[in-house]
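Trainee: Structure in structure tokens, see below.
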Amino acid sequence: MRYLTALFAVIALAAGGWGWQQHRRAGDLDFTQHRMALLEAENTRLQTALDAQVKAGARAYEAAERRPIEEAITRIRGLDFSHPVTYDSLSRAGIKKVIEQKLSEQYSDEDFKNIATGLSAFGLLDPGYPLKQKYIDLLGEQIAAFYDQHQHKLFMFEDASLRNSQNRVVLAHELTHALQDQNFGLLKMPLEIKNNDDLAVATSALIEGDATLAMSDFMMKNITMQSLTDSLSGMVSQSMDQIQKSPRYLREMLMFPYLYGQKFCMALKTRGGYAAISEAFKNPPTSSAQILHPEKYLAEPREEPVRVNFADTTANGKKPLADNVLGEMGIRIFLEKWGQAATAADSASGWRGDRYLVFGDGPDTELAWKTVWNSREDAEKFLRALMDTLELRYGFKDSDWTTQNNAVYDIQTKNRVIHVTCGGGSRPDDGASIILIDATTAVWKDSLLQKFGTNGQN
């Protein structure tokens, strides 16, 4: 027992030593962990301070780099800033959020739905197309910077460093918008009008065409091998997924203000330099026809669109979901969409005015559309293209039409009842016009024809 007691004592002493060693090790571990926590906190503090210094340095660099671009664009445009430009930066997600917010301020979800319904009546969008979300996705993918005329602020993508020449060119474009806003007031212009898309896109073409032309001049004055490399790199790396998936109408109308707007502004510049473009802001273009054909804008007197009026826009006791103007460019896209690519531009070139009303929802829409033409010849040219388009869209044959006096055409199938009238005299004021009624039933056709046909015109 004495040996056992001694053994237990030795074991107890050994266990006590082991326990003390573990306690000491635990203490050492706690101390080490505490030191590590302090080091990590200090590292975080230093990294935060370093990031702040880097960001401050980057902001100072960007601010310094913006100044010569601002000065260059004022020389190009012949305009001055009345006060400093306000800048802000956003993440890609932040850009989408701001776009969504701005769209929601201007258009309700119901507005977007009705716009889509109106375009679907022409087959330009599929029924139920989620126009608002697709528009946000499309713009959010493409935009590297934008000027907000409501906040009078220029936003840039936070990763868009001005060390990259392409971003400097983009900034020159947006600074032109800031100049336009400070000198002419962009909020005064009909960019957000809801019942005349053609007027809105013509206005946008002046604004974007001016900025694109100034941007091009800035790029040519500052071209270097590095800028060419940056531009090529940007073109290769830019995401085009959303725009490639978009319906043709959205793609074409998104690009119209930039491509055709630049050509329009170049025509003005050729006649009177940038001063002529500045004068145009006092009397902006009013139709896509004037953008496509600058000579119509420059003519004396200027060729203005004819406003199509109806005494009352209700039919069968219902108000239209869409009440809008397609315009020459919209008609081009409509004809091209349905197989008239070779002749669409020529068939639409005599456009002088139009207005469409759409009733119903989804695939079962009722359409009343009146177009006005410069001459009887222009009206008949469009009539032939329109009838070919309807035949291709709905699978009709030329022999399916019933004709009255070569001026009234009717066709009825299981799903559609269509009436086309070529009316009036030889000029717009004589009623050189085409009326299309595209309905689901004879009842709707008769109702639309009575209200918006020959007898229902103002």
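Residue numbers start at 1 in each chain; chains themselves are named A, B, ... in the order of the structure tokens; ligands are numbered from 1 in the order shown.
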Skipping near chain neighbours, those fewer than 6 positions away, what residues fall within 10 Å of Leu187 in chain A using only C-alpha atoms, listed as a list in words?
Mentor: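 Returned residues: Gln149, His150, His152 and Asp181 of chain A.
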Trainee: Produce a file of the selected residues containing N, CA and C atoms, as a PDB file, in the first residue's frame.
Mentor:
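Contents of out33.pdb, as written:
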ATOM      1  N   GLN A 149     -29.963  64.775 -65.920  1.00  0.00           N
ATOM      2  CA  GLN A 149     -30.408  66.165 -66.002  1.00  0.00           C
ATOM      3  C   GLN A 149     -31.337  66.548 -64.858  1.00  0.00           C
ATOM      4  N   HIS A 150     -31.892  65.555 -64.147  1.00  0.00           N
ATOM      5  CA  HIS A 150     -32.748  65.858 -63.005  1.00  0.00           C
ATOM      6  C   HIS A 150     -31.914  66.266 -61.792  1.00  0.00           C
ATOM      7  N   HIS A 152     -28.709  67.057 -62.203  1.00  0.00           N
ATOM      8  CA  HIS A 152     -27.629  67.892 -62.749  1.00  0.00           C
ATOM      9  C   HIS A 152     -26.284  67.359 -62.258  1.00  0.00           C
ATOM     10  N   ASP A 181     -26.990  71.010 -70.728  1.00  0.00           N
ATOM     11  CA  ASP A 181     -27.914  71.261 -69.624  1.00  0.00           C
ATOM     12  C   ASP A 181     -27.730  72.670 -69.071  1.00  0.00           C
TER      13      ASP A 181
END
Trainee: If you run DSSP over the backbone, which residues in range 154-234 of chain A end up strand (DSSP E or B)? Put them as a list in words.
Mentor: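 After running DSSP on the backbone, range 154-234 of chain A has strand (DSSP E or B) at Leu154, Phe155, Met156 and Phe157 of chain A.
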Trainee: Would you save the residues of that selection, restricted to N, CA, C and O atoms, as an mmCIF file, in the first residue's frame?
Mentor:
data_model
loop_
_atom_site.group_PDB
_atom_site.id
_atom_site.type_symbol
_atom_site.label_atom_id
_atom_site.label_comp_id
_atom_site.auth_asym_id
_atom_site.auth_seq_id
_atom_site.Cartn_x
_atom_site.Cartn_y
_atom_site.Cartn_z
ATOM 1 N N LEU A 154 -23.090 64.240 -62.985
ATOM 2 C CA LEU A 154 -22.461 63.305 -63.910
ATOM 3 C C LEU A 154 -21.974 62.091 -63.126
ATOM 4 O O LEU A 154 -21.132 62.229 -62.241
ATOM 5 N N PHE A 155 -22.521 60.923 -63.442
ATOM 6 C CA PHE A 155 -22.159 59.675 -62.781
ATOM 7 C C PHE A 155 -21.187 58.892 -63.659
ATOM 8 O O PHE A 155 -21.376 58.801 -64.872
ATOM 9 N N MET A 156 -20.170 58.302 -63.011
ATOM 10 C CA MET A 156 -19.247 57.419 -63.723
ATOM 11 C C MET A 156 -19.143 56.086 -62.994
ATOM 12 O O MET A 156 -19.263 56.026 -61.773
ATOM 13 N N PHE A 157 -18.946 55.027 -63.752
ATOM 14 C CA PHE A 157 -18.708 53.705 -63.194
ATOM 15 C C PHE A 157 -17.436 53.780 -62.359
ATOM 16 O O PHE A 157 -16.411 54.289 -62.817
#
Trainee: Return as an MDAnalysis selection string the full set of residues in range 196-441 of chain A whose backbone-based DSSP assignment is alpha helix (DSSP H).
Mentor: chainID A and resid 197:221 225:237 241:245 248:280 288:292 294:298 327:337 344:348 376:394
Trainee: Can you pull out the residues contacting Pro127 in chain A? Cut-off 12 Å, using only C-alpha atoms, and skip same-chain residues under 5 positions away; I want them as a ChimeraX atom specification.
Mentor: /A:113-122,360-365
Trainee: Store the residues of this selection in a file with C-alpha atoms, as a PDB file, in the first residue's frame.
Mentor:
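Final output, result01.pdb:
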ATOM      1  CA  LYS A 113     -46.910  47.509 -69.689  1.00  0.00           C
ATOM      2  CA  ASN A 114     -49.020  49.695 -71.974  1.00  0.00           C
ATOM      3  CA  ILE A 115     -46.027  50.779 -74.051  1.00  0.00           C
ATOM      4  CA  ALA A 116     -45.114  47.128 -74.556  1.00  0.00           C
ATOM      5  CA  THR A 117     -48.739  46.287 -75.435  1.00  0.00           C
ATOM      6  CA  GLY A 118     -48.770  49.025 -78.061  1.00  0.00           C
ATOM      7  CA  LEU A 119     -45.572  47.806 -79.696  1.00  0.00           C
ATOM      8  CA  SER A 120     -46.717  44.179 -79.537  1.00  0.00           C
ATOM      9  CA  ALA A 121     -49.747  45.156 -81.651  1.00  0.00           C
ATOM     10  CA  PHE A 122     -47.257  45.750 -84.490  1.00  0.00           C
ATOM     11  CA  GLY A 360     -57.133  45.082 -75.323  1.00  0.00           C
ATOM     12  CA  ASP A 361     -54.205  43.163 -73.912  1.00  0.00           C
ATOM     13  CA  GLY A 362     -51.831  40.315 -74.689  1.00  0.00           C
ATOM     14  CA  PRO A 363     -52.101  38.738 -78.134  1.00  0.00           C
ATOM     15  CA  ASP A 364     -55.737  39.852 -78.537  1.00  0.00           C
ATOM     16  CA  THR A 365     -55.134  43.536 -79.266  1.00  0.00           C
TER      17      THR A 365
END
Trainee: What is the CA of Gly261 in chain A to CA of Leu103 in chain A distance in Å?
Mentor: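 Straight-line distance from CA of Gly261 in chain A to CA of Leu103 in chain A works out to 22.7 Å.
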Trainee: Counting only C-alpha atoms, what is within 8 Å of Thr440 in chain A, bar same-chain residues fewer than 5 positions away, as a PDB file with C-alpha atoms, in the first residue's frame?
Mentor:
ATOM      1  CA  ASP A 364     -55.737  39.852 -78.537  1.00  0.00           C
ATOM      2  CA  THR A 365     -55.134  43.536 -79.266  1.00  0.00           C
ATOM      3  CA  GLU A 366     -57.206  45.862 -81.402  1.00  0.00           C
ATOM      4  CA  ASN A 415     -58.113  35.191 -85.817  1.00  0.00           C
ATOM      5  CA  ARG A 416     -57.953  38.613 -87.479  1.00  0.00           C
ATOM      6  CA  VAL A 417     -60.281  41.029 -89.228  1.00  0.00           C
ATOM      7  CA  LYS A 445     -63.381  46.284 -86.680  1.00  0.00           C
TER       8      LYS A 445
END
Trainee: Compile the contact shell of Lys381 in chain A as a tab-separated table (two decimals) with N, CA and C atoms, in the first residue's frame: residues with an atom at most 6 Å away, counting only C-alpha atoms, same-chain residues fewer than 3 positions apart removed.
Mentor:
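See part-v1.tsv below for the written result:
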chain	number	residue	atom	x	y	z
A	347	SER	N	-40.07	52.99	-98.67
A	347	SER	CA	-41.52	52.97	-98.43
A	347	SER	C	-41.93	53.90	-97.31
A	378	ASP	N	-46.66	58.77	-102.38
A	378	ASP	CA	-46.00	58.22	-101.19
A	378	ASP	C	-46.94	57.31	-100.41
A	384	ARG	N	-48.61	49.54	-100.59
A	384	ARG	CA	-48.14	48.27	-101.15
A	384	ARG	C	-47.23	47.54	-100.15
Trainee: Identify, on the basis of only C-alpha atoms, every residue whose closest approach to Gln182 in chain A does not exceed 9 Å; exclude the query and any residue fewer than 3 positions from it along the same chain; express the result as a list of chain:residue names.
Mentor: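 Counting only the stated atoms, we get A:Asp80, A:Phe81, A:Ser82, A:His83, A:His152, A:His177, A:Ala178, A:Leu179, A:Gly185, A:Leu186.
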Trainee: One decimal, in Å: what's the spacing between CA of Asn405 in chain A and CA of Leu448 in chain A?
Mentor: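 Going from CA of Asn405 in chain A over to CA of Leu448 in chain A covers 21.2 Å.
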Trainee: Report, in Å with one decimal, the straight-line distance from CA of Glu158 in chain A to CA of Ala145 in chain A.
Mentor: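 One can read the CA of Glu158 in chain A to CA of Ala145 in chain A distance as 9.3 Å.
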Trainee: Taking only C-alpha atoms into account, which of A:Thr286, A:Ser246, A:Thr176, A:Asn164 comes nearest Met189 in chain A?
Mentor: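 The shortest atom-to-atom distance to Met189 in chain A comes from A:Thr286.
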